[in-house]
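To start, the structure under review is shown below, and the notes come after it.
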Amino acid sequence: MATLTFKGGIHPYEGKELTKDKPMVQITPTGEMVYPLSQHIGAPATPVVTVGQRVLKGEKIAEANGFVSVPIYASVSGTVKSIEKRLITTGDRVDSIVIDNDGLFEEAPCMSVKPIEEMTKDDIRALIREAGIVGMGGAGFPTHVKLSPKEPDKINYVIANCSECEPYLTSDYRRMLEDPERLVAGLKIILLLFDHAKGILAVEDNKPDCIRRLKELVIDEPRISVKVLKTKYPQGSERQLIYATTKRAINSSMLPADAGCVVNNVDTICAVCSAVIEGKPLMHRIVTVTGDAVNDPKNFIVPIGTNYAQLLEAAGGLKVQPEKIVSGGPMMGFALYDINVPVTKTSSALLCMTKDEVAKWKPSACIKCGKCLEVCPSRLMPSKLADYAEHAAKEQFEKYNGMECVECGSCSYACPAKRQLVQSIKYMRRTILADRKKKS
Amino acid sequence: MNVSATPHIRSNESTSRIMLLVIIALLPATGFGIYNFGYPAAILVGVSVATTVLTEFVYEKIMKLPVTVSDLSAVVTGLLLALNLPSSVPWWIAVIGGVFAILVVKMLFGGIGQNFMNPALGARCFLVICFAARMTAFTYDGVSTATPLAMLKAGEDVNTWNMVIGTIPGCIGETSVIAIMAGAIFLILFDVIDMKIPAAYLITFVIFVGLFGKGGWDAYYLTAQLAGGGLMLGAFFMATDYATSPITPFGKIIYGIILGLLTGLFRVYSSSAEGVSYAIIISNLLVPLIERFTVPKCFGKGGENR
């Protein structure tokens with residue numbers, strides 16, 4: 001079978017060998033745990049605990065606020081210390097529930113679940129929502145919303161995003177290798193919601209062991225197949241993934257459901273399985289702690305709310321002083337100025353780099369080489385868009401499809417003049433989106 | 001600790017690396033030119049490169065701009081200018097050309113990437129206008145002679161084998177097809193230039209000359225046309241100049257076709273045997289227009305479910 005892909009993209013240094021062969025290790029957090037109320041796209045959750053109250057592991061501490069919102073659960077037992085603004089990975093200070101971990105890990109009873117055969121589709125959706133599941137690949141879009149399209153019968157494909165195209169990240173890889181049964185079971189649950197859909201496990205060809213293992217597991221599953229994709233960044237971007245697997249293309253004004261697709265990340269699908277089968281809410285995620293400044297790069301099963309500093313400690317601490325620390329992958333992650341921030345539902349990695357490649361280069365004049373056009377997965381003209389952005393030419397920016405940018409950063413990566421292309425484009429997109437919101 | 005917007009990694013591409021690759025790719029043609037025409041060619045190359053680099057440096061110092069000579073683009077301009085001069089011109093012509101290329105064509109329009117015309121070719125055309133006799137007088141082995149392309153136009157026989165190897169009169173760097181192709185293949189392998197422009201250019205040119213040239217589809221005539229004059233050097237090293245060629249994929253093809261048509265037109269119908277320089281600088285002027293009409297259809301908005 002030919003490997004599937006899209007046009008454009010880049011091949012950065014993968015860096016996955018640092019943590020690829022490191023099995024997942026459970027982390028036992030100590031001290032303060034921080035739960036930002038906004039770990040997802042949509043309305044922030046509303047706290048349902050009061051300061052001084054004792055909570056158990058697995059107890060709901062914040063309730064969903066509206067349809068596009070999800071609840072949040074405590075991942076340790078302890079007392080609520082405060083509800084206050086705390087620093088998060090993006091550099092913002094947001095309302096968070098702070099819990100003093102008592103180290104007992106006393107568990108609350110699980111959510112009550114019926115056997116899967118007795119559940120209706122709406123029961124399953126409600127359970128996924130109740131478990132607080134969001135897209136754990138980075139965007140944090142509430143999963144139950146994704147799974148509730150207007151016309152569920154028109155969904156042809158449920159795609160499991162097993163691409164993990166961000167350099168350095170191996171959390172999804174380890175999950176697929178160590179827990180593939182859960183992934184397949186989760187996909188089967190999601191397929192129960194869509195009668196006319198086929199399941200696709202879309203894996204990049206740099207993970208042959210996962211491909212082999214998953215193929216073995218789905219050999220007797222007529223509705224599920226494994227599709228092999230070319231290793232390339234941003235292969236895991238939703239639009240590019242849908243195109244590579246189904247040859248359907250969507251633009252910014254469409255949802256995957258408009259192309260008959262639903263896309264979910266590996267860890268998200270596993271969380272669906274845990275919630276629906278075992279009644280476990282989302283309390284953990286897998287985080288890769290890596291980079292050339294880390295003593296012992298590893299993958300960890302981390303209770304949400306754990307301080308990043310504890311993760312770094314568990315990975316043997318720093319070998320040398322890093323120039324840059326990133327939450328997430330190097331292409332789309334957030335640079336941290338303070339490592340004392342909590343792991344949230346969308347934190348995929350902690351990357352400590354001894355050299356900051358961005359600071360090494362000084363942006364210079366565009367030489368019009370066209371490399372940014374070659375690599376742009378959305379087939380835009382990034383150099384031109386950045387020019388318009390820098391001159392605040394909103395109309396031109398929109399005319400040249402600036403709003404179609406997926407902000408993957410391939411253009412900035414490839415630019416020989418080291419222009420901050422995606423940064424300018426992103427800024428303009430934010431401005432235009434804010435304007436639109438004001439108008440409506 | 002450093003904080004910046006995404007992405008946090010960069011490729012090892014840089015402007016100076018690209019320019020260095022172009023310089024390396026021009027070495028075979030330069031070396032052959034010096035071998036073919038002797039030490040006057042070497043002197044012209046040296047004078048031309050020194051002039052372009054110095055002009056950029058002095059201009060930026062006077063205007064209190066950041067000095068950008070380390071990006072090596074001035075070296076490329078100087079080298080290309082020298083390769084487009086007959087070896088018999090005096091050294092001060094290279095100085096005038098170098099100053100014109102950098103000062104007038106490049107820096108006055110905003111420096112690297114902002115010029116609308118290839119600096120080396122702009123300077124060459126300027127020199128041809130100012131010093132017509134000197135710029136079109138070719139000597140070979142100490143004897144004044146016509147270029148094979150001029151002989152071909154006059155209906156005389158030429159030796160195509162010598163034209164491919166390059167042991168013919170002409171400008172310093174344009175004579176050897178083999179040396180130019182070696183550099184061109186190097187640039188294509190290192191992904192510095194794209195095949196679209198030279199391929200569209202040469203194919204269109206061959207078709208045009210085949211249809212309208214007086215030699216018709218005769219293989220000997222077409223080979224001589226392809227190997228003669230500045231066509232090969234122009235197609236691979238000048239037409240592909242980033243700043244003055246379209247960045248859109250389809251635009252590159254249109255641009256190549258226009259180049260082929262204009263070059264064919266000049267070579268077949270004009271009084272001069274050569275036409276590559278004029279074809280390229282005229283097409284340079286059309287680039288903004290070409291780009292405007294060849295904006296790629298973005299993902300998810302262009303037919304066939306794409």
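By convention in this document, the chains of the structure tokens carry letters A, B, ... by their order, each chain's residues are numbered from 1, and ligands are numbered from 1 in the order they are shown.
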For chain A against chain B, with a cut-off of 7 Å and counting only C-alpha atoms, what is the closest atom pair and its distance in Å to one decimal for every residue that makes the cut, ordered by chain and number, as a Markdown table?
```
| residue | atom | partner | partner_atom | distance |
| --- | --- | --- | --- | --- |
| A:Arg248 | CA | B:Asn305 | CA | 5.5 |
| A:Ala249 | CA | B:Arg306 | CA | 4.7 |
| A:Ile250 | CA | B:Gly300 | CA | 4.5 |
| A:Asn251 | CA | B:Gly300 | CA | 4.4 |
| A:Glu323 | CA | B:Met1 | CA | 5.3 |
| A:Lys324 | CA | B:Asn2 | CA | 5.1 |
| A:Pro330 | CA | B:His8 | CA | 5.0 |
| A:Met331 | CA | B:Pro7 | CA | 4.2 |
| A:Met332 | CA | B:Thr6 | CA | 5.5 |
| A:Gly333 | CA | B:Thr6 | CA | 6.7 |
| A:Ala335 | CA | B:Val3 | CA | 5.1 |
| A:Leu336 | CA | B:Val3 | CA | 6.4 |
| A:Tyr337 | CA | B:Met1 | CA | 6.0 |
| A:Glu357 | CA | B:Ile9 | CA | 5.6 |
| A:Val358 | CA | B:His8 | CA | 6.1 |
| A:Ala365 | CA | B:Ile112 | CA | 6.8 |
| A:Cys366 | CA | B:Gly113 | CA | 5.8 |
| A:Ile367 | CA | B:Gly113 | CA | 4.2 |
| A:Lys368 | CA | B:Ala243 | CA | 5.2 |
| A:Cys369 | CA | B:Tyr242 | CA | 4.9 |
| A:Gly370 | CA | B:Ile247 | CA | 4.9 |
| A:Ser378 | CA | B:Phe299 | CA | 4.6 |
| A:Arg379 | CA | B:Cys298 | CA | 4.8 |
| A:Leu380 | CA | B:Cys298 | CA | 5.8 |
| A:Gly409 | CA | B:Pro7 | CA | 5.5 |
| A:Ser412 | CA | B:Pro7 | CA | 7.0 |
| A:Tyr413 | CA | B:Arg10 | CA | 4.4 |
| A:Ala414 | CA | B:Ser11 | CA | 5.6 |
| A:Pro416 | CA | B:Ser14 | CA | 3.9 |
| A:Ala417 | CA | B:Thr15 | CA | 5.6 |
| A:Gln423 | CA | B:Ala5 | CA | 6.2 |
```
### Task
Going by DSSP on the backbone, which bits of range 22-230 of chain B are alpha helix (DSSP H)? Write them as a VMD selection string, please.
chain B and resid 22 to 37 39 to 62 73 to 83 91 to 99 119 to 130 132 to 135 148 to 153 160 to 165 177 to 189 196 to 212 219 to 227
### Query
DSSP on the backbone: what in range 192-345 of chain A comes out strand (DSSP E or B), as an MDAnalysis selection string?
chainID A and resid 198:204 224:229 233 261:265 284:290 294 298:303 307 318 324:327 334:336 342
For the residues selected in the previous step, produce a file with C-alpha atoms as a tab-separated table (two decimals), in the first residue's frame.
```tsv
chain	number	residue	atom	x	y	z
A	198	LYS	CA	-15.43	3.20	9.21
A	199	GLY	CA	-12.61	3.54	11.72
A	200	ILE	CA	-9.16	4.54	10.52
A	201	LEU	CA	-6.00	4.34	12.57
A	202	ALA	CA	-3.74	6.82	10.79
A	203	VAL	CA	-0.12	6.15	11.71
A	204	GLU	CA	3.05	7.72	10.30
A	224	ILE	CA	-11.42	-0.66	11.38
A	225	SER	CA	-8.32	-0.38	9.21
A	226	VAL	CA	-4.79	0.90	9.71
A	227	LYS	CA	-3.56	3.49	7.21
A	228	VAL	CA	0.11	4.29	6.86
A	229	LEU	CA	1.05	7.93	6.33
A	233	TYR	CA	5.24	17.69	9.70
A	261	CYS	CA	-15.03	12.82	9.25
A	262	VAL	CA	-14.44	12.86	12.98
A	263	VAL	CA	-10.83	13.06	14.14
A	264	ASN	CA	-9.58	12.23	17.61
A	265	ASN	CA	-6.14	11.93	19.11
A	284	HIS	CA	-4.19	11.60	33.85
A	285	ARG	CA	-2.36	12.15	30.65
A	286	ILE	CA	0.97	11.10	29.18
A	287	VAL	CA	3.71	13.69	29.06
A	288	THR	CA	7.07	13.37	27.34
A	289	VAL	CA	9.86	15.06	29.29
A	290	THR	CA	12.71	15.45	26.85
A	294	VAL	CA	17.41	16.80	30.52
A	298	LYS	CA	11.23	9.84	29.80
A	299	ASN	CA	7.51	9.40	29.29
A	300	PHE	CA	5.31	9.83	32.35
A	301	ILE	CA	1.72	9.05	33.26
A	302	VAL	CA	0.96	12.31	34.99
A	303	PRO	CA	-2.00	13.28	37.18
A	307	ASN	CA	3.64	20.98	38.64
A	318	LEU	CA	18.69	19.35	34.23
A	324	LYS	CA	14.62	27.54	26.29
A	325	ILE	CA	11.92	25.42	27.91
A	326	VAL	CA	8.82	24.57	25.91
A	327	SER	CA	5.51	23.08	26.96
A	334	PHE	CA	4.56	27.38	24.34
A	335	ALA	CA	7.88	28.74	25.56
A	336	LEU	CA	7.86	28.95	29.37
A	342	PRO	CA	0.51	22.87	36.05
```
Write out, as CSV, each residue of range 70-139 of chain B that has an atom at most 10 Å from range 48-60 of chain B, together with the closest pair of atoms and their distance in Å to one decimal, counting only C-alpha atoms, rows going by chain and rising number.
```
residue,atom,partner,partner_atom,distance
B:Ser70,CA,B:Val53,CA,9.3
B:Leu72,CA,B:Val53,CA,8.3
B:Ser73,CA,B:Val53,CA,8.7
B:Ala74,CA,B:Val53,CA,5.3
B:Val75,CA,B:Val49,CA,5.5
B:Val76,CA,B:Val49,CA,7.9
B:Thr77,CA,B:Thr52,CA,7.0
B:Gly78,CA,B:Val49,CA,4.1
B:Leu79,CA,B:Val49,CA,5.7
B:Leu80,CA,B:Val49,CA,8.9
B:Leu81,CA,B:Ser48,CA,7.0
B:Ala82,CA,B:Ser48,CA,5.9
B:Leu83,CA,B:Ser48,CA,9.5
B:Leu85,CA,B:Ser48,CA,10.0
B:Trp91,CA,B:Ser48,CA,8.3
B:Trp92,CA,B:Ser48,CA,9.2
B:Ile93,CA,B:Ser48,CA,9.0
B:Ala94,CA,B:Ser48,CA,5.2
B:Val95,CA,B:Thr51,CA,5.8
B:Ile96,CA,B:Thr51,CA,8.6
B:Gly97,CA,B:Ser48,CA,7.8
B:Gly98,CA,B:Thr52,CA,4.9
B:Val99,CA,B:Thr55,CA,6.0
B:Phe100,CA,B:Thr52,CA,8.8
B:Ala101,CA,B:Thr52,CA,7.5
B:Ile102,CA,B:Thr52,CA,6.0
B:Leu103,CA,B:Thr55,CA,6.8
B:Lys106,CA,B:Glu56,CA,9.0
B:Met107,CA,B:Glu56,CA,7.4
B:Leu108,CA,B:Tyr59,CA,9.6
B:Gly111,CA,B:Glu56,CA,8.9
B:Ala120,CA,B:Thr52,CA,9.8
```
### Query
Which neighbours of Ala154 in chain B fall inside 12 Å, counting only C-alpha atoms, when residues of the same chain fewer than 5 positions from it are skipped, and could you give them as a list in words?
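Non-adjacent residues within range: Ala146, Thr147, Pro148, Leu149, Lys214, Gly215, Arg267, Val268, Ser271, Ser272 and Ala273 of chain B.
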### Query
If you count only C-alpha atoms, which residues fall within 12 Å of Arg93 in chain A, apart from same-chain ones fewer than 6 positions away, as a ChimeraX atom specification?
/A:34,36-38,84-87,341-342
Go ahead and save the residues from that selection, with all heavy atoms, as a PDB file, in the first residue's frame.
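Listing of part-v4.pdb after writing:
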```pdb
ATOM      1  N   VAL A  34      -2.580  22.185  40.868  1.00  0.00           N
ATOM      2  CA  VAL A  34      -3.308  23.341  40.326  1.00  0.00           C
ATOM      3  C   VAL A  34      -4.183  22.903  39.158  1.00  0.00           C
ATOM      4  O   VAL A  34      -3.705  22.263  38.222  1.00  0.00           O
ATOM      5  CB  VAL A  34      -2.325  24.446  39.870  1.00  0.00           C
ATOM      6  CG1 VAL A  34      -3.082  25.626  39.286  1.00  0.00           C
ATOM      7  CG2 VAL A  34      -1.464  24.894  41.039  1.00  0.00           C
ATOM      8  N   PRO A  36      -6.438  24.565  36.426  1.00  0.00           N
ATOM      9  CA  PRO A  36      -7.053  25.717  35.757  1.00  0.00           C
ATOM     10  C   PRO A  36      -8.484  25.378  35.333  1.00  0.00           C
ATOM     11  O   PRO A  36      -8.751  24.240  34.916  1.00  0.00           O
ATOM     12  CB  PRO A  36      -6.158  25.945  34.540  1.00  0.00           C
ATOM     13  CG  PRO A  36      -4.881  25.242  34.858  1.00  0.00           C
ATOM     14  CD  PRO A  36      -5.246  24.096  35.734  1.00  0.00           C
ATOM     15  N   LEU A  37      -9.396  26.341  35.456  1.00  0.00           N
ATOM     16  CA  LEU A  37     -10.794  26.076  35.114  1.00  0.00           C
ATOM     17  C   LEU A  37     -10.987  26.052  33.604  1.00  0.00           C
ATOM     18  O   LEU A  37     -11.993  25.577  33.105  1.00  0.00           O
ATOM     19  CB  LEU A  37     -11.698  27.148  35.739  1.00  0.00           C
ATOM     20  CG  LEU A  37     -11.743  27.098  37.265  1.00  0.00           C
ATOM     21  CD1 LEU A  37     -12.510  28.288  37.822  1.00  0.00           C
ATOM     22  CD2 LEU A  37     -12.358  25.791  37.743  1.00  0.00           C
ATOM     23  N   SER A  38     -10.013  26.601  32.871  1.00  0.00           N
ATOM     24  CA  SER A  38     -10.132  26.606  31.427  1.00  0.00           C
ATOM     25  C   SER A  38      -9.006  25.773  30.822  1.00  0.00           C
ATOM     26  O   SER A  38      -7.932  26.271  30.540  1.00  0.00           O
ATOM     27  CB  SER A  38     -10.069  28.046  30.919  1.00  0.00           C
ATOM     28  OG  SER A  38     -10.309  28.052  29.549  1.00  0.00           O
ATOM     29  N   GLU A  84      -7.946  30.743  42.857  1.00  0.00           N
ATOM     30  CA  GLU A  84      -7.305  32.026  42.529  1.00  0.00           C
ATOM     31  C   GLU A  84      -6.653  31.960  41.159  1.00  0.00           C
ATOM     32  O   GLU A  84      -6.578  30.898  40.549  1.00  0.00           O
ATOM     33  CB  GLU A  84      -6.244  32.346  43.584  1.00  0.00           C
ATOM     34  CG  GLU A  84      -5.192  31.243  43.669  1.00  0.00           C
ATOM     35  CD  GLU A  84      -4.158  31.491  44.754  1.00  0.00           C
ATOM     36  OE1 GLU A  84      -4.434  32.265  45.678  1.00  0.00           O
ATOM     37  OE2 GLU A  84      -3.073  30.895  44.668  1.00  0.00           O
ATOM     38  N   LYS A  85      -6.176  33.102  40.689  1.00  0.00           N
ATOM     39  CA  LYS A  85      -5.520  33.136  39.389  1.00  0.00           C
ATOM     40  C   LYS A  85      -4.123  32.528  39.500  1.00  0.00           C
ATOM     41  O   LYS A  85      -3.364  32.873  40.402  1.00  0.00           O
ATOM     42  CB  LYS A  85      -5.426  34.580  38.897  1.00  0.00           C
ATOM     43  CG  LYS A  85      -6.761  35.139  38.427  1.00  0.00           C
ATOM     44  CD  LYS A  85      -6.573  36.231  37.396  1.00  0.00           C
ATOM     45  CE  LYS A  85      -7.869  36.938  37.034  1.00  0.00           C
ATOM     46  NZ  LYS A  85      -8.903  36.057  36.481  1.00  0.00           N
ATOM     47  N   ARG A  86      -3.798  31.618  38.591  1.00  0.00           N
ATOM     48  CA  ARG A  86      -2.488  31.012  38.582  1.00  0.00           C
ATOM     49  C   ARG A  86      -1.904  31.045  37.174  1.00  0.00           C
ATOM     50  O   ARG A  86      -2.642  31.020  36.181  1.00  0.00           O
ATOM     51  CB  ARG A  86      -2.573  29.542  39.048  1.00  0.00           C
ATOM     52  CG  ARG A  86      -2.720  29.379  40.548  1.00  0.00           C
ATOM     53  CD  ARG A  86      -1.506  29.908  41.270  1.00  0.00           C
ATOM     54  NE  ARG A  86      -1.619  29.757  42.707  1.00  0.00           N
ATOM     55  CZ  ARG A  86      -0.980  28.793  43.396  1.00  0.00           C
ATOM     56  NH1 ARG A  86      -0.235  27.911  42.774  1.00  0.00           N
ATOM     57  NH2 ARG A  86      -1.106  28.732  44.707  1.00  0.00           N
ATOM     58  N   LEU A  87      -0.589  31.047  37.113  1.00  0.00           N
ATOM     59  CA  LEU A  87       0.108  31.065  35.826  1.00  0.00           C
ATOM     60  C   LEU A  87      -0.048  29.715  35.130  1.00  0.00           C
ATOM     61  O   LEU A  87       0.099  28.665  35.755  1.00  0.00           O
ATOM     62  CB  LEU A  87       1.595  31.341  36.078  1.00  0.00           C
ATOM     63  CG  LEU A  87       2.470  31.530  34.853  1.00  0.00           C
ATOM     64  CD1 LEU A  87       2.136  32.826  34.161  1.00  0.00           C
ATOM     65  CD2 LEU A  87       3.938  31.510  35.249  1.00  0.00           C
ATOM     66  N   VAL A 341       4.281  25.724  36.456  1.00  0.00           N
ATOM     67  CA  VAL A 341       2.938  25.770  35.895  1.00  0.00           C
ATOM     68  C   VAL A 341       2.395  24.348  35.904  1.00  0.00           C
ATOM     69  O   VAL A 341       3.168  23.379  35.916  1.00  0.00           O
ATOM     70  CB  VAL A 341       2.942  26.329  34.444  1.00  0.00           C
ATOM     71  CG1 VAL A 341       3.281  27.806  34.452  1.00  0.00           C
ATOM     72  CG2 VAL A 341       3.908  25.567  33.572  1.00  0.00           C
ATOM     73  N   PRO A 342       1.073  24.210  35.957  1.00  0.00           N
ATOM     74  CA  PRO A 342       0.514  22.865  36.048  1.00  0.00           C
ATOM     75  C   PRO A 342       0.404  22.147  34.695  1.00  0.00           C
ATOM     76  O   PRO A 342       0.269  22.801  33.657  1.00  0.00           O
ATOM     77  CB  PRO A 342      -0.877  23.119  36.616  1.00  0.00           C
ATOM     78  CG  PRO A 342      -1.232  24.483  36.130  1.00  0.00           C
ATOM     79  CD  PRO A 342       0.044  25.263  36.064  1.00  0.00           C
TER      80      PRO A 342
END
```
### Query
Could you pull the residues within 10 Å of range 157-173 of chain B, counting only C-alpha atoms, minus those fewer than 5 positions along the same chain, as a ChimeraX atom specification?
/B:26-38,40-42,44-45,79-88,135-141,143-152,178-180,220-230,233
### Query
Hey, what's within 9 Å of Arg175 in chain A if we count only C-alpha atoms and toss same-chain stuff fewer than 4 positions away? As a list in words, please?
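Once the adjacent positions are removed, what remains is Met24, Thr170, Ser171, Asp179, Pro180, Leu183, Val266, Asp267, Cys270 and Ile286 of chain A.
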### Query
Can you tell me how far CA of Val406 in chain A sits from CA of Ala393 in chain A, in Å to one decimal?
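Atom-to-atom, CA of Val406 in chain A to CA of Ala393 in chain A, that is 19.6 Å.
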### Task
Give the answer as one residue: which of B:Val105, B:Cys125, B:Leu202, B:Val47 has the shortest atom-to-atom distance to Met232 in chain B, using only C-alpha atoms?
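Between B:Val105, B:Cys125, B:Leu202, B:Val47, the residue approaching Met232 in chain B most closely is B:Leu202.
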### Task
Can you work out the spacing between CA of Arg429 in chain A and CA of Leu373 in chain A in Å, to one decimal?
18.4 Å
### Task
Could you tell me how far CA of Thr175 in chain B lies from CA of Leu189 in chain B, in Å and to one decimal?
22.9 Å
### Polymer residues at most 6 Å from range 122-137 of chain A, only C-alpha atoms, same-chain spacing of 6 or more positions, as a ChimeraX atom specification
/A:70-72,143-144,265,268,281-282,346
